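K.L.:
Quick one: this structure, given as structure tokens, is what I'll be asking you about.
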Amino acid sequence: MKQTLKSDLYIGRFAPSPTGPLHFGSLLTATASYLDAKAHQGIWLVRMEDLDKPREVQGAADDILRTLNAFGLAWDREVIYQSQHLSRYQAILDELCQQCLVYPCGCSRKEIADIAKTGHEGLIYPGTCRNGLAGKSARAWRCHVPNQTITIEDRIQQTISQNLEREVGDFVLRRADGIFAYQLAVVIDDAWQNITDIVRGVDLLLSTPRQVLLQQLLGYSQPRYAHLPVITDQQGQKLSKQNRAEPIRAEDKGKVICQVLTLLGMQTPDDLYSASLPDIWQWAIDNWSINQIPKKQTLPVTLITE
């Protein structure tokens with residue numbers, strides 16, 4: 001398979017799913033990825049991960065882009081929508097099939113639940129269909145994972161090691177409903193866009209070894225990873241669209257950005273809260289260091305309400 005060359009230029013990205021408006025946790029991720037790119041004199045891209053159409057909220061993609069723009073987060077190239085590149089994902093899946101690196105699976109969720117052990121991120125698929133469908137019809141397509149430990153040096157969370165066969169099992173690349181899985185699409189798009197650095201939430205940390213395996217199988221370069229602590233409310237619940245997190249308040253832009261910067265470990269001066277957005281961003285770029293970010297998995301926050 002064709003090797004994707006890693007660019008000498010830093011290229012980062014923010015890749016939201018349009019399942020609701022931008023909330024505070026997503027803004028923190030966007031801010032950190034933006035600042036890390038700009039502090040390295042790099043490129044910052046926005047990609048809409050809109051493959052899961054049943055979960056998509058009408059108008060959410062445009063709303064997210066308007067909110068980013070209102071907060072002064074300017075992307076450097078055209079916004080990419082995953083739903084417009086299905087043929088690319090299918091072509092790569094076909095390549096993997098030809099090399100016997102993926103196989104069809106006819107197991108239902110109930111069948112898997114009846115026999116599988118539970119791992120850190122759900123059920124560990126036991127490889128039931130590795131040697132054939134045994135008369136069942138193909139439902140999903142799975143990656144045949146080796147008995148191999150993947151180790152990643154994360155810029156924030158430090159070292160993570162995972163044996164995919166024991167801890168995850170053969171994971172899905174195309175779902176039973178025909179939707180391409182996140183793991184496949186994100187790897188293909190990061191390589192296609194020459195992404196060198198990925199800054200995102202720690203809730204995606206445990207899926208990273210699967211992506212690294214796919215990068216190895218496809219001959220892609222591995223980006224550097226930095227997984228941010230996720231934002232929680234005072235009850236410890238993650239701020240997310242699934243948990244109906246409130247949209248961020250565009251009228252409080254300067255205060256909200258300064259609160260984000262403080263959570264990212266930056267020592268914001270008092271007069272920054274009344275500064276203009278361009279001045280806030282310039283100060284943040286000049287003073288950015290990813291080493292300042294707390295090496296935690298969660299950060300509780302009380303949101304600005306007025």
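Convention: chains lettered A, B, ... in structure tokens order; per-chain residue numbering from 1; ligands numbered from 1 as shown.
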So which residues of stretch 163-205 of chain A fall under helix (DSSP H, G or I) by DSSP, listed as a list in words?
P.N.:
Leu164, Glu165, Arg166, Glu167, Tyr182, Gln183, Leu184, Ala185, Val186, Val187, Ile188, Asp189, Asp190, Ala191, Trp192, Val202, Asp203, Leu204 and Leu205 of chain A
K.L.:
Output the selection as a PDB file, in the first residue's frame - N, CA and C atoms for each residue.
P.N.:
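Written output follows (out.pdb):
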```pdb
ATOM      1  N   LEU A 164      -3.849  -5.666  21.580  1.00  0.00           N
ATOM      2  CA  LEU A 164      -5.152  -5.573  20.937  1.00  0.00           C
ATOM      3  C   LEU A 164      -5.907  -6.897  20.940  1.00  0.00           C
ATOM      4  N   GLU A 165      -5.217  -7.986  20.724  1.00  0.00           N
ATOM      5  CA  GLU A 165      -5.908  -9.281  20.684  1.00  0.00           C
ATOM      6  C   GLU A 165      -6.541  -9.596  22.033  1.00  0.00           C
ATOM      7  N   ARG A 166      -5.816  -9.358  23.117  1.00  0.00           N
ATOM      8  CA  ARG A 166      -6.324  -9.698  24.463  1.00  0.00           C
ATOM      9  C   ARG A 166      -7.292  -8.656  25.006  1.00  0.00           C
ATOM     10  N   GLU A 167      -7.069  -7.369  24.669  1.00  0.00           N
ATOM     11  CA  GLU A 167      -7.823  -6.301  25.326  1.00  0.00           C
ATOM     12  C   GLU A 167      -8.949  -5.708  24.488  1.00  0.00           C
ATOM     13  N   TYR A 182     -15.464   4.641  12.793  1.00  0.00           N
ATOM     14  CA  TYR A 182     -14.590   5.770  13.125  1.00  0.00           C
ATOM     15  C   TYR A 182     -13.124   5.392  12.967  1.00  0.00           C
ATOM     16  N   GLN A 183     -12.731   4.208  13.461  1.00  0.00           N
ATOM     17  CA  GLN A 183     -11.320   3.822  13.461  1.00  0.00           C
ATOM     18  C   GLN A 183     -10.734   3.838  12.060  1.00  0.00           C
ATOM     19  N   LEU A 184     -11.474   3.346  11.086  1.00  0.00           N
ATOM     20  CA  LEU A 184     -10.978   3.312   9.709  1.00  0.00           C
ATOM     21  C   LEU A 184     -10.959   4.704   9.090  1.00  0.00           C
ATOM     22  N   ALA A 185     -12.070   5.416   9.202  1.00  0.00           N
ATOM     23  CA  ALA A 185     -12.187   6.720   8.540  1.00  0.00           C
ATOM     24  C   ALA A 185     -11.172   7.719   9.070  1.00  0.00           C
ATOM     25  N   VAL A 186     -10.987   7.748  10.394  1.00  0.00           N
ATOM     26  CA  VAL A 186     -10.084   8.744  10.967  1.00  0.00           C
ATOM     27  C   VAL A 186      -8.639   8.490  10.536  1.00  0.00           C
ATOM     28  N   VAL A 187      -8.246   7.236  10.437  1.00  0.00           N
ATOM     29  CA  VAL A 187      -6.884   6.915  10.008  1.00  0.00           C
ATOM     30  C   VAL A 187      -6.667   7.314   8.553  1.00  0.00           C
ATOM     31  N   ILE A 188      -7.629   6.998   7.708  1.00  0.00           N
ATOM     32  CA  ILE A 188      -7.507   7.336   6.288  1.00  0.00           C
ATOM     33  C   ILE A 188      -7.452   8.849   6.102  1.00  0.00           C
ATOM     34  N   ASP A 189      -8.329   9.568   6.779  1.00  0.00           N
ATOM     35  CA  ASP A 189      -8.381  11.020   6.600  1.00  0.00           C
ATOM     36  C   ASP A 189      -7.148  11.710   7.166  1.00  0.00           C
ATOM     37  N   ASP A 190      -6.661  11.247   8.312  1.00  0.00           N
ATOM     38  CA  ASP A 190      -5.457  11.859   8.873  1.00  0.00           C
ATOM     39  C   ASP A 190      -4.270  11.683   7.930  1.00  0.00           C
ATOM     40  N   ALA A 191      -4.182  10.515   7.299  1.00  0.00           N
ATOM     41  CA  ALA A 191      -3.090  10.284   6.349  1.00  0.00           C
ATOM     42  C   ALA A 191      -3.290  11.121   5.085  1.00  0.00           C
ATOM     43  N   TRP A 192      -4.524  11.163   4.579  1.00  0.00           N
ATOM     44  CA  TRP A 192      -4.821  11.903   3.352  1.00  0.00           C
ATOM     45  C   TRP A 192      -4.558  13.397   3.531  1.00  0.00           C
ATOM     46  N   VAL A 202      -9.024  12.769  26.064  1.00  0.00           N
ATOM     47  CA  VAL A 202      -8.504  11.510  26.580  1.00  0.00           C
ATOM     48  C   VAL A 202      -9.522  10.383  26.455  1.00  0.00           C
ATOM     49  N   ASP A 203     -10.788  10.707  26.202  1.00  0.00           N
ATOM     50  CA  ASP A 203     -11.783   9.661  25.998  1.00  0.00           C
ATOM     51  C   ASP A 203     -11.502   8.849  24.738  1.00  0.00           C
ATOM     52  N   LEU A 204     -10.616   9.345  23.871  1.00  0.00           N
ATOM     53  CA  LEU A 204     -10.229   8.610  22.666  1.00  0.00           C
ATOM     54  C   LEU A 204      -8.874   7.925  22.807  1.00  0.00           C
ATOM     55  N   LEU A 205      -8.265   8.014  23.984  1.00  0.00           N
ATOM     56  CA  LEU A 205      -6.923   7.467  24.167  1.00  0.00           C
ATOM     57  C   LEU A 205      -6.883   5.958  23.944  1.00  0.00           C
TER      58      LEU A 205
END
```
K.L.:
Could you give me, as a PyMOL selection string, each residue of stretch 40-143 of chain A that DSSP assigns to strand (DSSP E) when run on this structure's backbone?
P.N.:
chain A and resi 43-48+80-81+102-105+117-119+122-124+140-143
K.L.:
Env of A:Thr151: 10 Å cut, atoms = only C-alpha atoms, seq-sep filter 6 positions within chain, self excluded. Answer as a PyMOL selection string.
P.N.:
chain A and resi 159-163+208-209+212
K.L.:
Would you pick out the contacts of A:Glu95 at 12 Å or less, using only C-alpha atoms, so that residues sharing its chain but fewer than 5 positions from it are not included, and give the list as an MDAnalysis selection string?
P.N.:
chainID A and resid 1:2 88:90 100:103 217:218
K.L.:
Can you write just those residues out, C-alpha atoms, as a PDB file, in the first residue's frame?
P.N.:
```pdb
ATOM      1  CA  MET A   1       0.000   0.000   0.000  1.00  0.00           C
ATOM      2  CA  LYS A   2       1.156   3.508  -0.792  1.00  0.00           C
ATOM      3  CA  ARG A  88     -12.095   6.454  -0.471  1.00  0.00           C
ATOM      4  CA  TYR A  89     -12.932   4.402   2.625  1.00  0.00           C
ATOM      5  CA  GLN A  90     -14.346   1.567   0.545  1.00  0.00           C
ATOM      6  CA  CYS A 100      -6.647 -10.942   4.141  1.00  0.00           C
ATOM      7  CA  LEU A 101      -6.280  -8.354   6.907  1.00  0.00           C
ATOM      8  CA  VAL A 102     -10.030  -8.007   7.386  1.00  0.00           C
ATOM      9  CA  TYR A 103     -12.855 -10.525   7.269  1.00  0.00           C
ATOM     10  CA  LEU A 217      -1.042  -2.116   8.073  1.00  0.00           C
ATOM     11  CA  LEU A 218      -1.596   0.666   5.534  1.00  0.00           C
TER      12      LEU A 218
END
```
K.L.:
Which neighbours of A:Ile112 fall inside 8 Å, counting only C-alpha atoms, when residues of the same chain fewer than 5 positions from it are skipped, and could you give them as a list in words?
P.N.:
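Close residues of A:Ile112: Cys107, Leu123 and Tyr125 of chain A.
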K.L.:
With distances taken over only C-alpha atoms, which of A:Cys105, A:Leu68, A:Thr29, A:Ile179 is nearest to A:Asp52?
P.N.:
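Distance minimum relative to A:Asp52 lands on A:Ile179.
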